[in-house]
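Student: Here it is, the structure in full.
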Amino acid sequence: MATLLLQDGTLIKGKSFGFEGEKKGEIVFNTSMTGYQEIISDPSYANQIVVMTYPEIGNYGLNEDDFESDKPFLSGLVVKNYSKKDSHYKANQTLEKYLVDNKIPALEGVDTRSLVKKIREIGAMSAFITNRDLEEAEIKEKLEELKNYEVEKNIIDHTSTKEKYIFNSSGSIDIGFIDYGTKRGILESLGSRGAKLTVYPCNVSAKEILDNNHAALFLSNGPGDPANYTYQIEQIKELLGKLPIFGICLGYQLLALSADAKTYKLKYGHRGGNHPVINLENNKVMMTSQNHGYAVDLENLPNLIRPTYKNLNDNTLEGFEISSLSVYAVQFHPESKPGPNDAKIIFDEWFNILQGKINEVNNER
Amino acid sequence: MKDKSLKKVLVIGSGPIVIGQAAEFDYAGVQACRALKEEGIEVVLVNSNPATIMTDEEIASKVYIEPLTLDALTEIIKIERPQGLIASLGGQTALNLAVELFEANILEEYNVKLLGTNIESIKKAEDRELFKNLMEEIGEPVPKSEIVSSFVEAKNFSDKIGFPIIIRPAFTLGGAGGGIAHNIEEYEEIVNIGLNQSPINQVLVEKSIAGYKEIEYEVIRDKNDTCIIICNMENIDPIGIHTGDSFVVAPSQTLTNNEFQMLRSSAIKIIRALKIEGGCNVQFALDTKSNQYYVIEVNPRVSRSSALASKASGYPIAKIATKIAVGFNLHEIKNSITNKTTAAFEPSLDYVVVKIPKWPFDKFSQGDRILGTKMKATGEIMAIGREFCACFKKALTSLEEKHTGLLKRGFEKLNKEELLKELYIQDDRRIFRLAQALYNNEDIEQLHKITKIDIWFISKIKEIVDLERSLETEPFTLELYKKAKSFNFLDSEISTIANVDIKEIEKLGITASFRVVDTCAAEFSAATPYFYSTFFEQDEIEEFKSKNKTDKENILVLGSGPIRIGQGIEFDYCSVHAAQELNKRGYESIMVNSNPETLSTDFDIASRLYFEPMNIEYIMNIIKKENPKGVLVQFGGQTAINLAEKLDKKGVKILGTSIESINATEDRKVFEKLLRELKIPQPKGCAVTSAARALSAVKELNYPVLVRPSYVIGGRGMQVVYNDEELLTYITEAFKFSSEHPVLIDQYLEGQEVELDLISDGRDVLIPGICEHIERAGVHSGDSMSIYPSQNISRKNEKILVKYATKIARKLNIKGLANIQFIIKDDEVYVIEVNPRASRTVPIMSKVTGIPMVNIALSAILGKSIRRAGFGVGLYKKTGLVSVKMPIFSWQKLNRIDPALAPEMKSTGEVLGVDRNYKKALYKAFLAGGHKFSKSKQRVLVSLNDHNKQPALPMLKKLFKQGFFIMATWGTHKFLERNGIPSKMIEKFMIDKLQKRMKNGRLSFIVNTPTTGKNSQNAGFQIRTIAQMYGIPSFTSIDTANAFLVAHKTFDKNTKLTYDTITNYRKKKFFKLFRIK
């Protein structure tokens, strides 16, 4: 039997269907009913063991088009029932094979609902996933390890691109893009709207970006505690006001921190494709795709920052703008993948603003 | 926020239950009424269907049980002057009426605002051409199609694009009159029928995309333009079979996220373009080899699918749609499940839901079982499981068939070639053929090619089949048993398949655990009392109970399972009332049912809802957890009563009438003895097991005799026979079907049929009223028109009826409800049947008398005296009200079913005509039943069998006198001639000519009494079936025809109908009747 051991001592047995090995990570759950392929390949899940609340996983296999990154960063996958036999005209490999090839342990046959309730009650915890049984002594040892377990401080170093590169070189709008562990969906959403993206590694300096005279800057999603990334925050501080900046997820959190807002850890995060978000300006409601464990503190928001979106479930902040500095950011994922496409309009709006700025600059010239 | 100008709102119901429009609209309507009342709005409800819960006076402020016609609605609007009208919760019927009211300018004239979706949007969604144009405008793909109003136009289209072609008539429900044509002959036939059935004489002909995946989305939109998907659903049967006839799974299983979102976005684009405010259903076809999709259909209202989606997700669509209709936006409505969040979210499921239709083919063995674009199922079941295989297996059990498994359905006898060939047949049994083929190890790819069912589903079904094989062949181990339980195999199945003693299995002590349906996959803590069973997982019942601590005792209410002929919405009415009354009396009510269309499976009704099969093992699982004080079996129809003995054997306390008494009414011999002891006359009869015995038996009984198989629901397979030949035909057929059970032969008394429902506490008996049937005995009571209060029974006989009923109730120590049927022949009262349970007529009798029958029955069951209920004992007093119940049939949906009335029940629903005057009530009943009355000279075809000619004479004279032009078949023509009634002779074999007349609408109705012998080749049968195809009424009992003539005369006299609430009809009492103490 394969085993999942939680920090609080909960021991869960299952059947291994992934890599024959073991890993530690933070245990989180995702409530999306489709999109396991996008989820396992989303770099924001780095160092996390993901529990899928939907019970049938693997049904349509994996295809070439739906990966969100070149390789997975998650530590493990836990499901109720893995479908050995998949069926889809596009499928070219099974979920199992992918997990094995990429050394991701996975468990099936787990009472995922009870596990999710536990996470909901206790909050995010560290956990250990292995393809084998654990002896009593080993359990104690592992629990000790879990107590001290922390997500790697600089996990974004792994999820970010190592080298600068250009995405969509034929694009007409020159945008700088800092990759903290971006989803392909964001790059594609921007590219398809005419952006030529210069994608920088996460340790890029403000100077390098400014030197390149981009029309705007985009900050991607990524894993980990935003407050840890002091270098990145400092660089963004230097960039504020110098060019229009847009941030998603981690990018949003870093923008908030650089504008002196605070972030805090949510009890068990928002991960799924059904999060209702309300636009505070016009009261329009959208269903959004979300994946974050941290939130920007709405209570202690600097005056400069104007909230733009809120989550209808728990009233947490989901978006803000600093119009004087041309800063716009959302916590959720307008690129979806997986999840509803409702928020795609945000890209359009931003491109409109951007086009306006570009026109302004051109007129001044 | 709420529209403050709304003080009073009119809600239109959906009328009688027919195939394609069933209990789901009662569920939706009740939710709507409650949602309106919550907002302090006065609700005026109109519906012609008396079996519904929505027509209860506690649901709406004012209840009109009146025909759903333009005239009635107009008059009611004049009386009530509501500010708003809600039409999107009463199915196609209500929607069409709203359009009529709008077009007649009634809404404008009386300042009534159509709430929710507006007329323009409704038309855009419903009118094929407008819809197609809109889709083209917003760039959503629709299959190549054309609207045609003649076959010539239709042929132009088929010449262009070739076959197969789908034909869909405009504005009909459940796709009546549609179909797929594979060649020009089929095409012509279906197009013509479709043109005829469409109220606007239009059909859509469309390139067939059979084989595509069929996916549905349930969408809600508010006026703030917020759109949410409640649930998507995937049909296991691909495009080609009506979604109402398909196996459906929720959520979709074989779609990638991109496909799911592509269709979701399309659905939202469409609902926005249509500006729908409320619920809407969008159906898509998705290619299996590319991301090409087509929009198939949009329903701008709540539907059967939305009821299913509500139950599948836990999201109350109708309630929220109503709140939107009165002005709220989704984010302003509190989420009643989490009590924290709002209604603006999309449910996430952490389980799988499977729906299987319930077809009437067990009753209509000669019916055409082929499934296509025309819906044939009368009801459906839903099952919830933690994974697909478990859920699918559970769903099969929910069908309440004798065989609960996938295999051993008779297909094991076929050889490879035969089986594969039969797999091409798309009928209700295809899934079982598929399972057998999988058992035989046929190649999955090949099976997919034949059935077009996705390989994922086939593989899952194979997992179930493989497990069954393991049980058969491998040694029985705990591990194997656990695997079987995790797939929801019943212990009884495992015992049979693995050949292990059931006691050994039970000793293993594996118990089910229950999980909560919470809309959010456990992301938030939820307090929904909505459960389903699974195995080997944590149980959430204890947790729920500890959070909701109470010292109340609990009682289990058994529901009635899927809607089928003979067991309809009336039992849901009874179960819901029972649960509510239990709550009121300080008990915790526990509901179990498997039917997603009903109100009983709304988690707002009982203290706790278990969505489970009506099967003894599943119910015992619940009982083990709940440990109820007792079980109520008398409100859930035959389904619940059939479980009584099994529960009793397991030591479960049955509340109300005892098992011994229930058995006494069902065991023929015991029952005969009982009536003899009570000195109550009964028709003579006997049970025979051979043709020879039958022949000797009838020597004593004398023809005509009533023959039927033993143990049946809804009089299945009953028939009246008049001679040896007919008897032998029947007996041979019956024994072919099942030779184990004897055939019962009874003396057939062609007298006045009478029935009554009673409430008894074992001592006292309260009889709300006596109903008299219009059709003479020999027609199933569910198919008879019936009058309350009785009009033609002498006071002497009324007293006798009450005396017999009281004697029987006391003797059987009835606690609760019972129904007794009588025949009065030659002034002698005979008892023919006692049902020790709530009957079909309980909702009607409750409404026409004002006696809350279920509630009083419940207090009797709980040991209270019924005297304390305040309605006295004996026969309850009559009021000024007269009502006529009329059965409604769904012939247009079922091919090759003989519409002749018989002892076997065939109707799917009923309407009630209510007035202070009998003739007007009768007239209203026909109007409510959809009969058209016309002043122009009308042609009528009469064709009578020899038994009926003489008794029909008074009716025939009336027919002539009332100015109908009579056409008659040869024998009938001769008979009319002899009696001086002019008629035009027409040959039975001139079927073609007749068909043309029917098509052209040049025939008003048919009076045709069938010759016996179920010969589907005979001319009468053909005439009747053609008539049903073209929607021409055919009266197969002289008495119905007679009643129609009375109604017609009332119409002819320009009688002005008035409409009133059921409460007011009951008010005017003009005489008090005797009581028996």
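Ligands are numbered from 1 in the order shown, residues from 1 within each chain, and chains are lettered A, B, ... in the order they appear in the structure tokens.
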With only C-alpha atoms counted and 9 Å as the cut-off, give the residues of chain A in contact with chain B, each with its shortest interatomic distance in Å and the pair that gives it, as a tab-separated table.

Tutor:
```
residue	atom	partner	partner_atom	distance
A:Phe29	CA	B:Glu523	CA	8.7
A:Thr31	CA	B:Ser348	CA	6.4
A:Ser32	CA	B:Ser348	CA	7.0
A:Met33	CA	B:Ser348	CA	6.7
A:Thr34	CA	B:Asn257	CA	4.9
A:Gly35	CA	B:Asn257	CA	4.6
A:Tyr36	CA	B:Asn257	CA	8.2
A:Gln37	CA	B:Asn257	CA	8.5
A:Glu38	CA	B:Asn257	CA	8.3
A:Met52	CA	B:Asp350	CA	8.9
A:Thr53	CA	B:Asp350	CA	5.5
A:Tyr54	CA	B:Asp350	CA	4.6
A:Pro55	CA	B:Asp350	CA	5.9
A:Glu56	CA	B:Glu387	CA	6.4
A:Asn59	CA	B:Thr254	CA	6.1
A:Tyr60	CA	B:Thr254	CA	5.7
A:Gly61	CA	B:Thr256	CA	8.8
A:Asp66	CA	B:Asn258	CA	8.0
A:Lys80	CA	B:Glu387	CA	8.0
A:Asn81	CA	B:Glu387	CA	7.0
A:Ser83	CA	B:Trp456	CA	8.6
A:Lys85	CA	B:Trp456	CA	6.8
A:Asp86	CA	B:Trp456	CA	6.1
A:Ser87	CA	B:Trp456	CA	5.4
A:His88	CA	B:Thr254	CA	7.1
A:Tyr89	CA	B:Lys289	CA	5.6
A:Lys90	CA	B:Lys289	CA	8.0
A:Val110	CA	B:Glu537	CA	8.7
A:Asp111	CA	B:Glu537	CA	5.9
A:Thr112	CA	B:Asp350	CA	8.7
A:Arg113	CA	B:Ala522	CA	6.6
A:Ser114	CA	B:Gln538	CA	6.6
A:Val116	CA	B:Ala522	CA	6.5
A:Lys117	CA	B:Ala522	CA	6.0
A:Arg120	CA	B:Glu523	CA	6.6
A:Glu121	CA	B:Ser525	CA	9.0
A:Gly272	CA	B:Ser348	CA	8.9
A:Gly273	CA	B:Glu346	CA	8.4
A:Asn274	CA	B:Glu346	CA	5.2
A:His275	CA	B:Phe345	CA	6.5
A:Pro276	CA	B:Phe345	CA	5.4
A:Val277	CA	B:Ala344	CA	8.9
A:Ile278	CA	B:His331	CA	8.5
A:Asn283	CA	B:Asn224	CA	7.9
A:Lys284	CA	B:Thr226	CA	6.5
A:Val285	CA	B:Thr226	CA	5.5
A:Met286	CA	B:Thr226	CA	6.8
A:Met287	CA	B:Phe345	CA	6.9
A:Leu312	CA	B:Thr341	CA	6.6
A:Asn313	CA	B:Thr341	CA	4.9
A:Asp314	CA	B:Thr341	CA	7.2
A:Lys337	CA	B:Asn257	CA	7.4
A:Pro338	CA	B:Asn257	CA	6.0
A:Gly339	CA	B:Gln261	CA	6.8
A:Pro340	CA	B:Gln261	CA	5.8
A:Asn341	CA	B:Ser265	CA	6.7
A:Asp342	CA	B:Ser265	CA	7.7
```

Student: List every residue of range 83-312 of chain A that DSSP, applied to the backbone, labels as strand (DSSP E), and write the result as a count of residues only.

Tutor: 67

Student: With only C-alpha atoms as the counted atoms, please give the residues lying no more than 10 Å from Asn213 in chain A, apart from itself and same-chain residues fewer than 5 positions off, as a ChimeraX atom specification.

Tutor: /A:174-176,208,242-243

Student: Next, dump the selected residues to file, keeping only C-alpha atoms, as a PDB file, in the first residue's frame.

Tutor:
```
ATOM      1  CA  ASP A 174       6.681  45.269 -26.538  1.00  0.00           C
ATOM      2  CA  ILE A 175       6.068  43.941 -23.027  1.00  0.00           C
ATOM      3  CA  GLY A 176       8.545  42.821 -20.424  1.00  0.00           C
ATOM      4  CA  GLU A 208      17.752  45.572 -16.979  1.00  0.00           C
ATOM      5  CA  LYS A 242       8.154  53.940 -14.503  1.00  0.00           C
ATOM      6  CA  LEU A 243       5.983  51.863 -16.779  1.00  0.00           C
TER       7      LEU A 243
END
```

Student: Using only C-alpha atoms, which residues sit within 8 Å of range 933-943 of chain B once same-chain residues fewer than 6 positions away are excluded, as JSON, numbers by chain?

Tutor: {"B": [963, 964, 965, 966, 967, 968, 969, 971, 972, 1002, 1003, 1004, 1005, 1006, 1007, 1008, 1009, 1020, 1048, 1051, 1052]}

Student: Which value, in Å to one decimal, gives the distance between CA of Asp42 in chain A and CA of His292 in chain A?

Tutor: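 One can read the CA of Asp42 in chain A to CA of His292 in chain A distance as 11.7 Å.
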
Student: May I ask for the distance between CA of Ile165 in chain B and CA of Ile209 in chain B, given in Å to one decimal place?

Tutor: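 Here the two named atoms are 8.6 Å from each other.
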
Student: Of the residues A:Pro72, A:Asp211, A:Ser126, A:Ile156, which is the one nearest to Tyr231 in chain A, using only C-alpha atoms?

Tutor: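 Selected residue with least distance to Tyr231 in chain A: A:Ile156.
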
Student: Do you know which residues are at most 9 Å from Ala857 in chain B counting only C-alpha atoms, after dropping those on the same chain fewer than 2 positions away, and could you put them as a list in words?

Tutor: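 Those residues are Ala578, Gly656, Leu758, Ile759, Ser760, Asp761, Lys815, Gly816, Leu817, Pro852, Met853, Val854, Asn855, Ser859, Ala860, Ile861, Leu862 and Ile866 of chain B.
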
Student: Would you kindly return, as a list in words, each protein, DNA or RNA residue with an atom no farther than 6 Å from any atom of Phe128 in chain A, considering only C-alpha atoms and excluding same-chain residues fewer than 5 positions away?

Tutor: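 Residues near the query, excluding close chain neighbours: Leu4, Leu5, Lys23 and Lys24 of chain A.
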
Student: List as a Markdown table every residue of range 498-617 of chain B that is in contact with range 625-642 of chain B, defined as an atom at most 9 Å from one of its atoms (using only C-alpha atoms), together with the nearest atom pair and the distance in Å rounded to one decimal, sorted by chain and then rising number.

Tutor:
```
| residue | atom | partner | partner_atom | distance |
| --- | --- | --- | --- | --- |
| B:Ala512 | CA | B:Lys625 | CA | 8.9 |
| B:Ser513 | CA | B:Lys625 | CA | 8.6 |
| B:Phe514 | CA | B:Lys625 | CA | 8.9 |
| B:Ile541 | CA | B:Lys625 | CA | 7.6 |
| B:Glu542 | CA | B:Lys625 | CA | 8.4 |
| B:Glu553 | CA | B:Lys629 | CA | 6.5 |
| B:Asn554 | CA | B:Pro628 | CA | 5.1 |
| B:Ile555 | CA | B:Pro628 | CA | 5.1 |
| B:Leu556 | CA | B:Val631 | CA | 4.7 |
| B:Val557 | CA | B:Leu632 | CA | 5.0 |
| B:Leu558 | CA | B:Gly636 | CA | 5.7 |
| B:Gly559 | CA | B:Gly636 | CA | 4.5 |
| B:Ser560 | CA | B:Gly636 | CA | 4.2 |
| B:Gly561 | CA | B:Thr639 | CA | 6.9 |
| B:Gln567 | CA | B:Gly637 | CA | 6.5 |
| B:Gly568 | CA | B:Gly637 | CA | 8.6 |
| B:Glu570 | CA | B:Gly637 | CA | 8.6 |
| B:Phe571 | CA | B:Gly636 | CA | 5.2 |
| B:Asp572 | CA | B:Gly636 | CA | 7.0 |
| B:Tyr573 | CA | B:Phe635 | CA | 8.6 |
| B:Cys574 | CA | B:Phe635 | CA | 5.3 |
| B:Ser575 | CA | B:Phe635 | CA | 5.3 |
| B:Val576 | CA | B:Phe635 | CA | 8.9 |
| B:Ala578 | CA | B:Phe635 | CA | 7.5 |
| B:Ile590 | CA | B:Glu626 | CA | 8.4 |
| B:Met614 | CA | B:Thr639 | CA | 7.3 |
```

Student: Per DSSP on the backbone, filter range 104-273 of chain A down to the residues in helix (DSSP H, G or I) and report them as a VMD selection string.

Tutor: chain A and resid 112 to 122 136 to 147 156 to 159 184 to 191 206 to 211 226 to 228 230 to 239 250 to 258

Student: Would you work out the distance separating CA of Lys71 in chain A from CA of Asn168 in chain A, expressed in Å to one decimal?

Tutor: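 It comes out at 20.7 Å.
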
Student: Using only C-alpha atoms, which residues sit within 12 Å of Leu134 in chain A once same-chain residues fewer than 6 positions away are excluded, as a VMD selection string?

Tutor: chain A and resid 1 to 5 11 to 13 22 128 140 to 143
